[in-house]
Amino acid sequence: DAGITQSPRYKITETGRQVTLMCHQTWSHSYMFWYRQDLGHGLRLIYYSAAADITDKGEVPDGYVVSRSKTENFPLTLESATRSQTSVYFCASSGLGNRSGYTFGSGTRLTVV
Amino acid sequence: AQSVTQLGSHVSVSEGALVLLRCNYSSSVPPYLFWYVQYPNQGLQLLLKYTTGATLVKGINGFEAEFKKSETSFHLTKPSAHMSDAAEYFCAVSETTSYDKVIFGPGTSLSVIP
């Protein structure tokens with residue numbers, strides 16, 4: 001199906017473990033983004049990408065790693081999960097960057113215990 | 001620096017009443033402005049956007065917003081609320097010069113009372 005899909009929808013992991021959140025879009029959008037949503041903090045940008053092999057840090061990148069070897073995929077890796085990374089993570093994509101607005105995935109709810 | 005303020009973290013309206021959700025922004029350059037809606041356990045969905053041109057923009061589900069430069073506002077309205085409008089609404093601002101700097105407001109939770 002066309003669209004932007006995130007997997008898994010729910011994930012529980014232990015402190016110190018590495019976990020990867022997947023994001024896949026079918027529109028060949030150039031721009032992709034990772035946000036986290038937390039009560040009291042709203043949406044905060046973690047990383048973004050303007051094209052394959054081009055990524056840059058957002059507002060809260062510490063503890064996260066991204067890669068973009070293919071245009072359609074933008075995985076987010078937590079290298080060593082901490083409880084403060086418990087959050088809902090949203091991936092978004094855009095064909096024209098900020099001018100066209102973003103299309104968001106359904107999110108991944110991550111709990112670090 | 002850009003910022004977005006949404007007046008009222010929670011708004012309640014009666015079914016059929018006017019919906020007004022307030023958004024004020026600050027930006028050093030002409031902004032792009034957006035409203036997104038988020039239903040429970042879902043991602044954000046773009047309601048409408050202002051980039052250039054007409055300052056009154058219409059979006060999906062009967063919503064509209066007006067860009068007022070002098071007031072640095074982009075309030076969201078709908079003439080008649082429906083139960084299905086109950087959701088979280090986010091205003092967002094972006095500088096026209098930088099695709100990465102999209103700032104989201106804290107959100108307003110809309111309740112619709114039957």
# chains A, B, ... in the order shown; residues from 1 in each chain; ligands from 1

$ residues_around --residues "region 13-27 of chain B" --least-positions-apart "3" --cutoff "7 Å" --atoms "only C-alpha atoms" --output "list in words"
Ala1, Gln2, Ser3, Val4, Thr5, Gln6, Leu7, Pro30, Pro31, Thr72, Ser73, Phe74, His75, Leu76, Thr77, Lys78, Pro79, Ser80, Ala81, His82, Met83, Cys91, Ser111, Val112, Ile113 and Pro114 of chain B

$ interface_residues --of "chain A" --to "chain B" --cutoff "9 Å" --atoms "only C-alpha atoms" --output "list of chain:residue names"
A:Tyr31, A:Phe33, A:Gly40, A:His41, A:Gly42, A:Leu43, A:Arg44, A:Leu45, A:Tyr48, A:Ser49, A:Ala50, A:Gly58, A:Phe90, A:Cys91, A:Leu96, A:Gly97, A:Asn98, A:Arg99, A:Ser100, A:Gly101, A:Tyr102, A:Thr103, A:Phe104, A:Gly105, A:Ser106, A:Gly107

$ select_by_dssp --residues "region 32-108 of chain A" --states "helix (DSSP H, G or I)" --output "PDB file with all heavy atoms, in the first residue's frame"
ATOM      1  N   ARG A  83      15.872   5.144  29.758  1.00  0.00           N
ATOM      2  CA  ARG A  83      14.470   5.360  30.111  1.00  0.00           C
ATOM      3  C   ARG A  83      13.954   6.701  29.600  1.00  0.00           C
ATOM      4  O   ARG A  83      12.768   6.850  29.301  1.00  0.00           O
ATOM      5  CB  ARG A  83      14.285   5.241  31.612  1.00  0.00           C
ATOM      6  CG  ARG A  83      14.416   3.811  32.098  1.00  0.00           C
ATOM      7  CD  ARG A  83      14.252   3.681  33.579  1.00  0.00           C
ATOM      8  NE  ARG A  83      14.414   2.287  33.999  1.00  0.00           N
ATOM      9  CZ  ARG A  83      14.547   1.901  35.259  1.00  0.00           C
ATOM     10  NH1 ARG A  83      14.560   2.798  36.218  1.00  0.00           N
ATOM     11  NH2 ARG A  83      14.677   0.625  35.539  1.00  0.00           N
ATOM     12  N   SER A  84      14.849   7.671  29.493  1.00  0.00           N
ATOM     13  CA  SER A  84      14.433   8.978  28.999  1.00  0.00           C
ATOM     14  C   SER A  84      14.049   8.943  27.512  1.00  0.00           C
ATOM     15  O   SER A  84      13.490   9.913  26.990  1.00  0.00           O
ATOM     16  CB  SER A  84      15.546  10.005  29.204  1.00  0.00           C
ATOM     17  OG  SER A  84      16.683   9.665  28.423  1.00  0.00           O
ATOM     18  N   GLN A  85      14.357   7.843  26.854  1.00  0.00           N
ATOM     19  CA  GLN A  85      13.979   7.700  25.458  1.00  0.00           C
ATOM     20  C   GLN A  85      12.619   7.012  25.296  1.00  0.00           C
ATOM     21  O   GLN A  85      12.185   6.777  24.171  1.00  0.00           O
ATOM     22  CB  GLN A  85      15.060   6.941  24.694  1.00  0.00           C
ATOM     23  CG  GLN A  85      16.353   7.730  24.582  1.00  0.00           C
ATOM     24  CD  GLN A  85      17.461   6.966  23.898  1.00  0.00           C
ATOM     25  OE1 GLN A  85      17.767   5.814  24.242  1.00  0.00           O
ATOM     26  NE2 GLN A  85      18.100   7.589  22.912  1.00  0.00           N
ATOM     27  N   GLY A  97       9.900  19.508   1.106  1.00  0.00           N
ATOM     28  CA  GLY A  97      10.386  20.080   2.346  1.00  0.00           C
ATOM     29  C   GLY A  97       9.291  20.786   3.095  1.00  0.00           C
ATOM     30  O   GLY A  97       8.127  20.378   3.059  1.00  0.00           O
ATOM     31  N   ASN A  98       9.614  21.875   3.766  1.00  0.00           N
ATOM     32  CA  ASN A  98       8.631  22.521   4.618  1.00  0.00           C
ATOM     33  C   ASN A  98       7.515  23.200   3.834  1.00  0.00           C
ATOM     34  O   ASN A  98       6.465  23.510   4.372  1.00  0.00           O
ATOM     35  CB  ASN A  98       9.309  23.529   5.543  1.00  0.00           C
ATOM     36  CG  ASN A  98      10.099  24.581   4.779  1.00  0.00           C
ATOM     37  OD1 ASN A  98      10.215  24.537   3.565  1.00  0.00           O
ATOM     38  ND2 ASN A  98      10.643  25.523   5.501  1.00  0.00           N
ATOM     39  N   ARG A  99       7.706  23.421   2.568  1.00  0.00           N
ATOM     40  CA  ARG A  99       6.717  24.153   1.791  1.00  0.00           C
ATOM     41  C   ARG A  99       5.430  23.362   1.593  1.00  0.00           C
ATOM     42  O   ARG A  99       4.348  23.924   1.500  1.00  0.00           O
ATOM     43  CB  ARG A  99       7.325  24.529   0.442  1.00  0.00           C
ATOM     44  CG  ARG A  99       6.435  25.384  -0.450  1.00  0.00           C
ATOM     45  CD  ARG A  99       7.271  26.213  -1.406  1.00  0.00           C
ATOM     46  NE  ARG A  99       8.261  25.441  -2.105  1.00  0.00           N
ATOM     47  CZ  ARG A  99       8.096  24.968  -3.337  1.00  0.00           C
ATOM     48  NH1 ARG A  99       6.986  25.169  -3.973  1.00  0.00           N
ATOM     49  NH2 ARG A  99       9.066  24.290  -3.913  1.00  0.00           N
TER      50      ARG A  99
END

$ atom_distance --atom1 "CA of Glu14 (chain A)" --atom2 "CA of Ser80 (chain A)"
9.2 Å

$ atom_distance --atom1 "CA of Thr108 (chain B)" --atom2 "CA of Ser9 (chain B)"
4.5 Å

$ select_by_dssp --residues "region 28-87 of chain A" --states "strand (DSSP E or B)" --output "PyMOL selection string"
chain A and resi 31-38+42-51+54-57+64-66+73+76-78+87

$ closest_residue --among "A:Arg17, A:Arg9, A:Lys70, A:Arg36" --to "Ala52 (chain A)" --atoms "only C-alpha atoms"
A:Lys70

$ atom_distance --atom1 "CA of Phe74 (chain A)" --atom2 "CA of Cys23 (chain A)"
5.3 Å

$ residues_around --residues "Val65 (chain A)" --least-positions-apart "2" --cutoff "10 Å" --atoms "only C-alpha atoms" --output "list of chain:residue names"
A:Thr20, A:Ile46, A:Tyr47, A:Thr55, A:Lys57, A:Pro61, A:Asp62, A:Gly63, A:Ser67, A:Pro75, A:Leu76, A:Thr77, A:Leu78, A:Glu79

$ decode --residues "region 8-111 of chain B" --atoms "C-alpha atoms" --output "mmCIF file, in the first residue's frame"
data_model
loop_
_atom_site.group_PDB
_atom_site.id
_atom_site.type_symbol
_atom_site.label_atom_id
_atom_site.label_comp_id
_atom_site.auth_asym_id
_atom_site.auth_seq_id
_atom_site.Cartn_x
_atom_site.Cartn_y
_atom_site.Cartn_z
ATOM 1 C CA GLY B 8 -5.493 27.164 25.544
ATOM 2 C CA SER B 9 -4.214 23.648 25.973
ATOM 3 C CA HIS B 10 -7.800 22.453 26.076
ATOM 4 C CA VAL B 11 -10.904 23.829 24.382
ATOM 5 C CA SER B 12 -14.448 22.542 24.734
ATOM 6 C CA VAL B 13 -17.281 23.418 22.384
ATOM 7 C CA SER B 14 -20.824 22.194 21.937
ATOM 8 C CA GLU B 15 -21.728 20.228 18.869
ATOM 9 C CA GLY B 16 -22.789 22.698 16.178
ATOM 10 C CA ALA B 17 -20.950 25.629 17.762
ATOM 11 C CA LEU B 18 -18.103 27.613 16.287
ATOM 12 C CA VAL B 19 -14.623 26.181 16.709
ATOM 13 C CA LEU B 20 -11.818 28.695 17.227
ATOM 14 C CA LEU B 21 -8.299 27.519 18.004
ATOM 15 C CA ARG B 22 -5.725 30.235 18.413
ATOM 16 C CA CYS B 23 -2.174 30.249 17.116
ATOM 17 C CA ASN B 24 0.406 33.011 17.283
ATOM 18 C CA TYR B 25 3.915 32.726 15.912
ATOM 19 C CA SER B 26 7.166 34.566 15.749
ATOM 20 C CA SER B 27 9.470 34.396 12.775
ATOM 21 C CA SER B 28 12.261 36.572 11.479
ATOM 22 C CA VAL B 29 11.380 35.861 7.853
ATOM 23 C CA PRO B 30 8.058 35.314 6.039
ATOM 24 C CA PRO B 31 6.680 32.087 7.423
ATOM 25 C CA TYR B 32 5.016 29.007 6.145
ATOM 26 C CA LEU B 33 2.166 28.136 8.498
ATOM 27 C CA PHE B 34 0.372 24.858 9.067
ATOM 28 C CA TRP B 35 -2.339 23.237 11.092
ATOM 29 C CA TYR B 36 -2.222 19.528 11.830
ATOM 30 C CA VAL B 37 -4.743 17.283 13.543
ATOM 31 C CA GLN B 38 -3.917 14.202 15.581
ATOM 32 C CA TYR B 39 -6.508 11.601 16.502
ATOM 33 C CA PRO B 40 -5.775 9.177 19.357
ATOM 34 C CA ASN B 41 -3.032 6.670 18.594
ATOM 35 C CA GLN B 42 -2.431 8.143 15.164
ATOM 36 C CA GLY B 43 0.108 10.349 13.491
ATOM 37 C CA LEU B 44 -0.434 13.973 12.605
ATOM 38 C CA GLN B 45 -2.471 14.788 9.518
ATOM 39 C CA LEU B 46 -2.129 18.038 7.607
ATOM 40 C CA LEU B 47 -5.319 20.099 7.818
ATOM 41 C CA LEU B 48 -4.240 23.153 5.861
ATOM 42 C CA LYS B 49 -1.266 25.339 5.075
ATOM 43 C CA TYR B 50 -0.355 28.871 4.172
ATOM 44 C CA THR B 51 2.677 29.473 2.006
ATOM 45 C CA THR B 52 1.955 32.460 -0.223
ATOM 46 C CA GLY B 53 -1.030 34.157 -1.822
ATOM 47 C CA ALA B 54 -4.499 34.278 -0.339
ATOM 48 C CA THR B 55 -4.388 34.770 3.390
ATOM 49 C CA LEU B 56 -7.586 32.825 4.024
ATOM 50 C CA VAL B 57 -6.893 29.179 3.430
ATOM 51 C CA LYS B 58 -9.350 26.335 3.416
ATOM 52 C CA GLY B 59 -8.534 22.848 4.500
ATOM 53 C CA ILE B 60 -10.081 19.478 4.943
ATOM 54 C CA ASN B 61 -13.131 18.698 7.078
ATOM 55 C CA GLY B 62 -14.514 22.234 6.793
ATOM 56 C CA PHE B 63 -11.660 23.966 8.604
ATOM 57 C CA GLU B 64 -10.112 27.222 7.535
ATOM 58 C CA ALA B 65 -7.471 29.601 8.856
ATOM 59 C CA GLU B 66 -6.488 33.163 8.179
ATOM 60 C CA PHE B 67 -2.941 34.456 8.104
ATOM 61 C CA LYS B 68 -2.772 37.899 9.709
ATOM 62 C CA LYS B 69 0.714 39.274 9.394
ATOM 63 C CA SER B 70 0.049 42.351 11.522
ATOM 64 C CA GLU B 71 -1.156 40.180 14.377
ATOM 65 C CA THR B 72 1.313 37.316 13.724
ATOM 66 C CA SER B 73 -1.625 34.964 13.996
ATOM 67 C CA PHE B 74 -2.973 31.948 12.162
ATOM 68 C CA HIS B 75 -6.164 30.998 13.981
ATOM 69 C CA LEU B 76 -8.096 27.887 12.972
ATOM 70 C CA THR B 77 -11.875 28.009 12.668
ATOM 71 C CA LYS B 78 -14.798 25.826 11.747
ATOM 72 C CA PRO B 79 -18.350 27.181 11.674
ATOM 73 C CA SER B 80 -20.023 24.133 13.178
ATOM 74 C CA ALA B 81 -18.311 21.546 15.345
ATOM 75 C CA HIS B 82 -18.935 17.867 14.829
ATOM 76 C CA MET B 83 -18.282 15.087 17.276
ATOM 77 C CA SER B 84 -15.639 13.702 14.938
ATOM 78 C CA ASP B 85 -13.614 16.930 15.322
ATOM 79 C CA ALA B 86 -12.533 15.924 18.813
ATOM 80 C CA ALA B 87 -8.761 15.592 18.556
ATOM 81 C CA GLU B 88 -5.447 17.316 19.260
ATOM 82 C CA TYR B 89 -4.600 20.228 16.982
ATOM 83 C CA PHE B 90 -1.098 21.506 16.331
ATOM 84 C CA CYS B 91 -0.074 24.763 14.756
ATOM 85 C CA ALA B 92 3.345 24.791 13.100
ATOM 86 C CA VAL B 93 5.594 27.423 11.598
ATOM 87 C CA SER B 94 8.489 27.118 9.234
ATOM 88 C CA GLU B 95 10.894 29.611 7.828
ATOM 89 C CA THR B 96 10.702 29.960 4.084
ATOM 90 C CA THR B 97 14.465 29.796 3.889
ATOM 91 C CA SER B 98 15.088 26.530 5.667
ATOM 92 C CA TYR B 99 13.277 23.247 5.177
ATOM 93 C CA ASP B 100 14.421 21.756 8.425
ATOM 94 C CA LYS B 101 13.213 24.372 10.837
ATOM 95 C CA VAL B 102 9.612 23.401 11.395
ATOM 96 C CA ILE B 103 8.479 24.321 14.870
ATOM 97 C CA PHE B 104 5.326 22.773 16.299
ATOM 98 C CA GLY B 105 3.180 24.404 18.916
ATOM 99 C CA PRO B 106 2.309 22.560 22.115
ATOM 100 C CA GLY B 107 -1.093 21.544 20.826
ATOM 101 C CA THR B 108 -4.703 22.196 21.769
ATOM 102 C CA SER B 109 -7.003 19.364 22.715
ATOM 103 C CA LEU B 110 -10.499 19.937 21.340
ATOM 104 C CA SER B 111 -13.489 18.328 23.027
#
